[in-house]
Every structure is written in C-alpha cells, then in structure tokens.
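Asks: Before we start, here is the structure in question, set down as structure tokens.
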Amino acid sequence: MLKVVVLISGTGSNLRALLDEASAPDFPAQVIAVGADREAAGFGHAEAYGIPTFLVPWEQFDSREAWGEELAAQLDVWQPDLVVLSGLMRLLPAGLVDRWAPHIINTHPAYLPEFPGAHGVRDALAAGAAQTGASVIVVDNGVDSGPILAQERVPVLDGDDENRLHERIKPVERRLLIDVVRRVATGDLDLAAASTSL
Ligand code: GRF
C-alpha cells in the first residue's frame, strides 16, 4: 500500500476526492496524514476520515527555509512514499524538493507549461485563451516547471469567470490526480523514470 501525505492550503476539495477514492478497499494507496501551512478548511475532510493532520504555520517562521525545515521534519515523521501538493499555496524551499523529488507531485489548474503560478485560471482568462486545462507534475525547483505526468484540456466557455472556470477544471484535476496516485501505487508509473524521460 502506497503511503501518501497530502499538503493543502485551502478547501481541500481535491483532497476530499482522493480520500473518497482511497476509502475503497481496492484502492492501492492510503492517505496517512494531511498537512497545511495555515488552518485550512480542508483539514475537515481529513478529520472526517480520522486521518491525522499537522500544521506548519507559515507566519510563525522568519524565512521560507525555516518553514521548510519544519515541514521537512514533519514529513520525516510520516515517511510517506509520495507527497501530494493539492492546493498548497507556497513554494517549497529547494532543500525540501531535493529531499523528496521525484516522489513529490503537484496538481495545477492549467495545461502546463501554459499559465504556471498561483493564478493559472485567472491568467488563462486574461489571455483570452479558448482552452486551458489541468496538469499533474513532478515538483522541481521551478514554478510549476517539473515533468508533466498527466494533463487534459478544458474549454473556456462564454461567460466564464475565474470561479466558474476553476470549478470546471477541478473535477479534471481530481480525476488526473487519482489516476496518477493509482498508477504510482501499482508501479504502472515510475516517477524516477518519468522524471528523466519526459
Ligand atoms: C486546485 O485547483 C489546485 O490545483 C490549486 O488550488 C486548487 C485547490 O483547490 N492550486 P481545493 O483546495 O482542492 O479545493
């Protein structure tokens, strides 16, 4: 059974979908803990499933590196096989990425390399794109620049605003994330090989 730690900042709807899926007896991965950089609403989903949570509050540290050291210490406690960033709205310090890569993945609400960064949905709308998408990537030390593991297009529709478009992208993100976690767990997807060959 693949042991997964999920890191969030927000509502955790993608986390919830993964937890729902992982509750099926035949799902080959298990979420063993959920962490966040703030008191995230998504902790409620972990609690609903009796999964432990941990908080590494961003504002209580003097630097990204100091915050990252505490986060790294928490991950070392849990020793996951895979770390999933699911809406964690912080860049990780290089040392932490180097420690976990390629066993650290991120979901992103755009068709990378298009529209990286914290406002991928807003940026796609601002650019007048006819389509955007969702991606799952291996985290590297750039901004949403790691090897792409899965992605799918989502059309931009007349009348879309940021919220409406994001709410149509998220179900695609969830499906891609669940599929990637399943494939990593079954050995169908080798993250180390994917990181060098993609
Ligand atoms: C997702 O679209 C994620 O890719 C982005 O933030 C959203 C998280 O949503 N960075 P939720 O917290 O899972 O509802």
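Here, A, B, ... name the chains of the structure tokens in the order displayed, residue numbers run from 1 inside each chain, and ligands are numbered from 1 in the same displayed order.
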Among segment 2-169 of chain A, which ones does DSSP place in helix (DSSP H, G or I), written as a VMD selection string?
Replies: chain A and resid 13 to 22 43 to 48 58 to 60 64 to 78 94 to 100 120 to 126 162 to 169
Asks: Counting only C-alpha atoms and all ligand atoms, which residues of chain A sit at most 6 Å from some atom of ligand 1, and what is each one's closest atom pair with its distance in Å to one decimal, listed by chain and rising residue number, as JSON lines?
Replies:
```
{"residue": "A:Gly10", "atom": "CA", "partner": "ligand 1", "partner_atom_place_in_ligand_line": "12 (O)", "distance": 4.1}
{"residue": "A:Thr11", "atom": "CA", "partner": "ligand 1", "partner_atom_place_in_ligand_line": "12 (O)", "distance": 3.9}
{"residue": "A:Gly12", "atom": "CA", "partner": "ligand 1", "partner_atom_place_in_ligand_line": "12 (O)", "distance": 3.4}
{"residue": "A:Ser13", "atom": "CA", "partner": "ligand 1", "partner_atom_place_in_ligand_line": "14 (O)", "distance": 3.7}
{"residue": "A:Asn14", "atom": "CA", "partner": "ligand 1", "partner_atom_place_in_ligand_line": "13 (O)", "distance": 3.7}
{"residue": "A:Leu15", "atom": "CA", "partner": "ligand 1", "partner_atom_place_in_ligand_line": "13 (O)", "distance": 5.6}
{"residue": "A:Ser86", "atom": "CA", "partner": "ligand 1", "partner_atom_place_in_ligand_line": "3 (C)", "distance": 5.7}
{"residue": "A:Gly87", "atom": "CA", "partner": "ligand 1", "partner_atom_place_in_ligand_line": "10 (N)", "distance": 3.8}
{"residue": "A:Thr107", "atom": "CA", "partner": "ligand 1", "partner_atom_place_in_ligand_line": "4 (O)", "distance": 4.6}
{"residue": "A:His108", "atom": "CA", "partner": "ligand 1", "partner_atom_place_in_ligand_line": "4 (O)", "distance": 3.8}
{"residue": "A:Pro109", "atom": "CA", "partner": "ligand 1", "partner_atom_place_in_ligand_line": "4 (O)", "distance": 4.8}
{"residue": "A:Lys170", "atom": "CA", "partner": "ligand 1", "partner_atom_place_in_ligand_line": "2 (O)", "distance": 5.4}
```
Asks: I need the chosen residues saved as a compact mmCIF listing (two decimals), in the first residue's frame, with N, CA and C atoms.
Replies:
```txt
# COMPACT_ATOMS: atom_id res chain seq x y z
N GLY A 10 -6.14 25.20 1.28
CA GLY A 10 -7.49 25.74 1.14
C GLY A 10 -8.60 24.78 1.49
N THR A 11 -9.59 24.76 0.61
CA THR A 11 -10.80 23.99 0.91
C THR A 11 -10.59 22.49 0.80
N GLY A 12 -9.57 22.09 0.06
CA GLY A 12 -9.26 20.67 0.02
C GLY A 12 -10.27 19.82 -0.73
N SER A 13 -10.92 20.39 -1.73
CA SER A 13 -11.90 19.58 -2.47
C SER A 13 -11.21 18.47 -3.26
N ASN A 14 -10.01 18.75 -3.75
CA ASN A 14 -9.28 17.69 -4.46
C ASN A 14 -8.80 16.62 -3.46
N LEU A 15 -8.37 17.08 -2.29
CA LEU A 15 -8.02 16.13 -1.22
C LEU A 15 -9.23 15.24 -0.91
N SER A 86 -1.66 19.51 -2.98
CA SER A 86 -3.00 19.64 -3.54
C SER A 86 -3.56 20.99 -3.13
N GLY A 87 -3.08 22.02 -3.83
CA GLY A 87 -3.53 23.37 -3.49
C GLY A 87 -2.69 23.99 -2.38
N THR A 107 -0.70 19.25 -8.32
CA THR A 107 -1.75 19.44 -9.31
C THR A 107 -1.80 20.92 -9.65
N HIS A 108 -2.17 21.22 -10.89
CA HIS A 108 -2.20 22.63 -11.31
C HIS A 108 -3.38 22.85 -12.25
N PRO A 109 -4.11 23.96 -12.03
CA PRO A 109 -5.32 24.19 -12.84
C PRO A 109 -5.04 24.90 -14.17
N LYS A 170 -11.44 21.76 -11.73
CA LYS A 170 -11.12 20.93 -10.55
C LYS A 170 -11.52 19.46 -10.70
```
Asks: From a DSSP calculation on the backbone, collect every residue of segment 53-120 of chain A in strand (DSSP E or B) and output the set as a PyMOL selection string.
Replies: chain A and resi 53-55+82-85+104-108
Asks: Can you pull out the residues contacting segment 37-45 of chain A? Cut-off 8 Å, using only C-alpha atoms, and skip same-chain residues under 4 positions away; I want them as a list in words.
Replies: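 Result of the neighbour search: Ile8, Ser9, Gly10, Thr11, Gly12, Ser13, Leu15, Arg16, Leu19, Tyr49, Thr53, Leu55, Val56, Pro57, Trp58, Leu88 and Arg90 of chain A.
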Asks: Using all heavy atoms, can you write the selected residues to a file as a short mmCIF file (atom, residue, chain, number, x, y, z; two decimals), in the first residue's frame?
Replies:
```
data_model
loop_
_atom_site.label_atom_id
_atom_site.label_comp_id
_atom_site.auth_asym_id
_atom_site.auth_seq_id
_atom_site.Cartn_x
_atom_site.Cartn_y
_atom_site.Cartn_z
N ILE A 8 -2.01 20.87 1.83
CA ILE A 8 -3.06 21.76 1.31
C ILE A 8 -2.91 23.16 1.91
O ILE A 8 -2.16 23.36 2.88
CB ILE A 8 -4.47 21.20 1.65
CG1 ILE A 8 -4.67 21.12 3.18
CG2 ILE A 8 -4.69 19.85 1.01
CD1 ILE A 8 -6.09 20.80 3.61
N SER A 9 -3.67 24.09 1.33
CA SER A 9 -3.81 25.43 1.94
C SER A 9 -5.27 25.83 2.07
O SER A 9 -5.59 26.73 2.84
CB SER A 9 -3.12 26.50 1.10
OG SER A 9 -1.72 26.38 1.12
N GLY A 10 -6.14 25.20 1.28
CA GLY A 10 -7.49 25.74 1.14
C GLY A 10 -8.60 24.78 1.49
O GLY A 10 -8.53 24.06 2.49
N THR A 11 -9.59 24.76 0.61
CA THR A 11 -10.80 23.99 0.91
C THR A 11 -10.59 22.49 0.80
O THR A 11 -11.37 21.72 1.36
CB THR A 11 -11.93 24.39 -0.04
OG1 THR A 11 -11.48 24.21 -1.39
CG2 THR A 11 -12.33 25.84 0.15
N GLY A 12 -9.57 22.09 0.06
CA GLY A 12 -9.26 20.67 0.02
C GLY A 12 -10.27 19.82 -0.73
O GLY A 12 -10.43 18.64 -0.43
N SER A 13 -10.92 20.39 -1.73
CA SER A 13 -11.90 19.58 -2.47
C SER A 13 -11.21 18.47 -3.26
O SER A 13 -11.76 17.37 -3.41
CB SER A 13 -12.78 20.44 -3.37
OG SER A 13 -11.99 21.10 -4.33
N LEU A 15 -8.37 17.08 -2.29
CA LEU A 15 -8.02 16.13 -1.22
C LEU A 15 -9.23 15.24 -0.91
O LEU A 15 -9.09 14.02 -0.76
CB LEU A 15 -7.62 16.91 0.04
CG LEU A 15 -7.65 16.12 1.35
CD1 LEU A 15 -6.52 15.09 1.38
CD2 LEU A 15 -7.55 17.06 2.55
N ARG A 16 -10.40 15.85 -0.80
CA ARG A 16 -11.60 15.09 -0.45
C ARG A 16 -11.86 13.97 -1.47
O ARG A 16 -12.20 12.84 -1.12
CB ARG A 16 -12.81 16.02 -0.39
CG ARG A 16 -14.12 15.31 -0.10
CD ARG A 16 -14.11 14.76 1.31
NE ARG A 16 -15.25 13.92 1.61
CZ ARG A 16 -15.87 13.91 2.79
NH1 ARG A 16 -15.49 14.70 3.76
NH2 ARG A 16 -16.86 13.09 3.02
N LEU A 19 -9.46 11.22 -0.85
CA LEU A 19 -9.84 10.46 0.34
C LEU A 19 -11.03 9.55 0.05
O LEU A 19 -11.07 8.40 0.50
CB LEU A 19 -10.19 11.41 1.49
CG LEU A 19 -9.01 12.20 2.08
CD1 LEU A 19 -9.52 13.23 3.09
CD2 LEU A 19 -8.01 11.27 2.72
N TYR A 49 -12.35 11.55 7.98
CA TYR A 49 -11.86 10.19 7.71
C TYR A 49 -10.93 9.69 8.83
O TYR A 49 -10.31 8.64 8.70
CB TYR A 49 -11.11 10.15 6.37
CG TYR A 49 -12.03 9.92 5.20
CD1 TYR A 49 -12.44 10.97 4.38
CD2 TYR A 49 -12.51 8.64 4.90
CE1 TYR A 49 -13.29 10.75 3.30
CE2 TYR A 49 -13.35 8.42 3.82
CZ TYR A 49 -13.74 9.48 3.03
OH TYR A 49 -14.58 9.26 1.97
N THR A 53 -3.72 15.26 11.12
CA THR A 53 -3.33 16.48 10.42
C THR A 53 -2.15 17.11 11.14
O THR A 53 -1.94 16.86 12.33
CB THR A 53 -4.49 17.50 10.38
OG1 THR A 53 -4.85 17.83 11.72
CG2 THR A 53 -5.70 16.95 9.64
N LEU A 55 0.07 21.03 11.21
CA LEU A 55 0.08 22.42 10.76
C LEU A 55 1.50 22.96 10.90
O LEU A 55 2.12 22.82 11.96
CB LEU A 55 -0.88 23.20 11.67
CG LEU A 55 -1.07 24.68 11.42
CD1 LEU A 55 -1.64 24.93 10.03
CD2 LEU A 55 -2.03 25.25 12.48
N VAL A 56 2.00 23.56 9.83
CA VAL A 56 3.29 24.27 9.89
C VAL A 56 2.98 25.72 9.48
O VAL A 56 3.03 26.07 8.30
CB VAL A 56 4.34 23.63 8.96
CG1 VAL A 56 5.69 24.30 9.17
CG2 VAL A 56 4.45 22.12 9.21
N PRO A 57 2.60 26.56 10.45
CA PRO A 57 2.06 27.88 10.13
C PRO A 57 3.12 28.81 9.55
O PRO A 57 4.09 29.16 10.22
CB PRO A 57 1.55 28.42 11.47
CG PRO A 57 1.89 27.40 12.49
CD PRO A 57 2.73 26.33 11.89
N TRP A 58 2.90 29.16 8.32
CA TRP A 58 3.85 30.00 7.55
C TRP A 58 4.26 31.24 8.32
O TRP A 58 5.44 31.60 8.38
CB TRP A 58 3.19 30.37 6.22
CG TRP A 58 3.92 31.38 5.42
CD1 TRP A 58 3.68 32.72 5.37
CD2 TRP A 58 5.04 31.14 4.56
NE1 TRP A 58 4.56 33.32 4.51
CE2 TRP A 58 5.42 32.38 4.00
CE3 TRP A 58 5.76 30.00 4.19
CZ2 TRP A 58 6.47 32.51 3.11
CZ3 TRP A 58 6.81 30.14 3.31
CH2 TRP A 58 7.16 31.37 2.78
N LEU A 88 -1.48 23.50 -2.17
CA LEU A 88 -0.57 24.17 -1.22
C LEU A 88 -0.07 25.44 -1.89
O LEU A 88 0.62 25.38 -2.91
CB LEU A 88 0.61 23.28 -0.85
CG LEU A 88 1.60 23.93 0.12
CD1 LEU A 88 1.03 23.99 1.53
CD2 LEU A 88 2.95 23.21 0.14
N ARG A 90 2.24 27.64 -1.46
CA ARG A 90 3.59 28.08 -1.10
C ARG A 90 4.58 27.38 -1.99
O ARG A 90 4.43 26.18 -2.27
CB ARG A 90 3.93 27.69 0.35
CG ARG A 90 3.02 28.22 1.39
CD ARG A 90 3.32 29.66 1.70
NE ARG A 90 2.31 30.18 2.63
CZ ARG A 90 2.00 31.46 2.74
NH1 ARG A 90 2.60 32.36 2.00
NH2 ARG A 90 1.08 31.84 3.59
#
```
Asks: Could you check which of A:Leu7, A:Ser195, A:Val77, A:Ile148 is closest to His103 of chain A, using only C-alpha atoms?
Replies: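 Among the listed residues, A:Ser195 lies closest to His103 of chain A.
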Asks: When distances are computed from only C-alpha atoms, which of A:Leu125, A:Val34, A:Ala192, A:Val4 shows the smallest separation from Asp158 of chain A?
Replies: A:Leu125
Asks: Set the distance at 12 Å and use only C-alpha atoms: which residues neighbour Glu114 of chain A once local chain neighbours fewer than 2 positions away are removed? I'd like the list as a PyMOL selection string.
Replies: chain A and resi 108-112+116-117+119-121+123-125+127+129+131-135+143-145+148+151+153
Asks: Identify, on the basis of only C-alpha atoms, every residue whose closest approach to Val5 of chain A does not exceed 9 Å; exclude the query and any residue fewer than 2 positions from it along the same chain; express the result as an MDAnalysis selection string.
Replies: chainID A and resid 3 7 30:35 75 78:85
Asks: Hey, what's within 9 Å of Val181 of chain A if we count only C-alpha atoms and toss same-chain stuff fewer than 5 positions away? As a list in words, please?
Replies: Leu2, Val4, Leu18, Pro28, Ala29, Leu82, Val84, Leu176, Thr186 and Leu189 of chain A
Asks: Could you please take those selected residues and save N, CA, C and O atoms as an mmCIF file, in the first residue's frame?
Replies:
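Result file is again-v9.cif:
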```
data_model
loop_
_atom_site.group_PDB
_atom_site.id
_atom_site.type_symbol
_atom_site.label_atom_id
_atom_site.label_comp_id
_atom_site.auth_asym_id
_atom_site.auth_seq_id
_atom_site.Cartn_x
_atom_site.Cartn_y
_atom_site.Cartn_z
ATOM 1 N N LEU A 2 0.675 2.107 -0.983
ATOM 2 C CA LEU A 2 1.453 3.343 -1.083
ATOM 3 C C LEU A 2 0.988 4.324 0.000
ATOM 4 O O LEU A 2 -0.202 4.620 0.103
ATOM 5 N N VAL A 4 0.691 8.004 1.447
ATOM 6 C CA VAL A 4 0.659 9.349 0.860
ATOM 7 C C VAL A 4 0.425 10.384 1.956
ATOM 8 O O VAL A 4 -0.442 10.210 2.811
ATOM 9 N N LEU A 18 -9.674 12.501 -3.322
ATOM 10 C CA LEU A 18 -8.671 11.444 -3.141
ATOM 11 C C LEU A 18 -9.019 10.583 -1.930
ATOM 12 O O LEU A 18 -8.913 9.349 -1.971
ATOM 13 N N PRO A 28 -5.075 1.242 -4.159
ATOM 14 C CA PRO A 28 -3.754 0.785 -3.702
ATOM 15 C C PRO A 28 -2.940 1.821 -2.926
ATOM 16 O O PRO A 28 -1.755 1.611 -2.703
ATOM 17 N N ALA A 29 -3.547 2.942 -2.569
ATOM 18 C CA ALA A 29 -2.824 3.968 -1.808
ATOM 19 C C ALA A 29 -3.661 4.405 -0.612
ATOM 20 O O ALA A 29 -4.891 4.313 -0.626
ATOM 21 N N LEU A 82 4.921 8.980 -1.047
ATOM 22 C CA LEU A 82 4.579 10.022 -2.012
ATOM 23 C C LEU A 82 4.016 11.225 -1.264
ATOM 24 O O LEU A 82 3.196 11.061 -0.349
ATOM 25 N N VAL A 84 1.856 14.640 -1.949
ATOM 26 C CA VAL A 84 0.970 15.281 -2.936
ATOM 27 C C VAL A 84 0.696 16.712 -2.501
ATOM 28 O O VAL A 84 0.163 16.942 -1.411
ATOM 29 N N LEU A 176 -7.339 13.277 -12.749
ATOM 30 C CA LEU A 176 -5.936 13.064 -13.122
ATOM 31 C C LEU A 176 -5.102 12.693 -11.895
ATOM 32 O O LEU A 176 -4.265 11.790 -11.946
ATOM 33 N N THR A 186 0.535 1.221 -8.135
ATOM 34 C CA THR A 186 0.588 -0.110 -8.755
ATOM 35 C C THR A 186 1.925 -0.360 -9.446
ATOM 36 O O THR A 186 2.174 -1.473 -9.906
ATOM 37 N N LEU A 189 3.344 3.581 -13.081
ATOM 38 C CA LEU A 189 4.038 4.849 -13.342
ATOM 39 C C LEU A 189 5.233 4.943 -12.399
ATOM 40 O O LEU A 189 5.061 4.961 -11.177
#
```
Asks: Give me the residues near Pro147 of chain A as a ChimeraX atom specification, where near means some atom within 9 Å (using only C-alpha atoms) and where sequence neighbours in that chain fewer than 4 positions away do not count.
Replies: /A:136-140,194-198
Asks: Have a look at A:Glu21, A:Met1, A:Ala130, A:Glu70 and name the one nearest to Leu157 of chain A; count only C-alpha atoms.
Replies: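 Among the listed residues, A:Ala130 lies closest to Leu157 of chain A.
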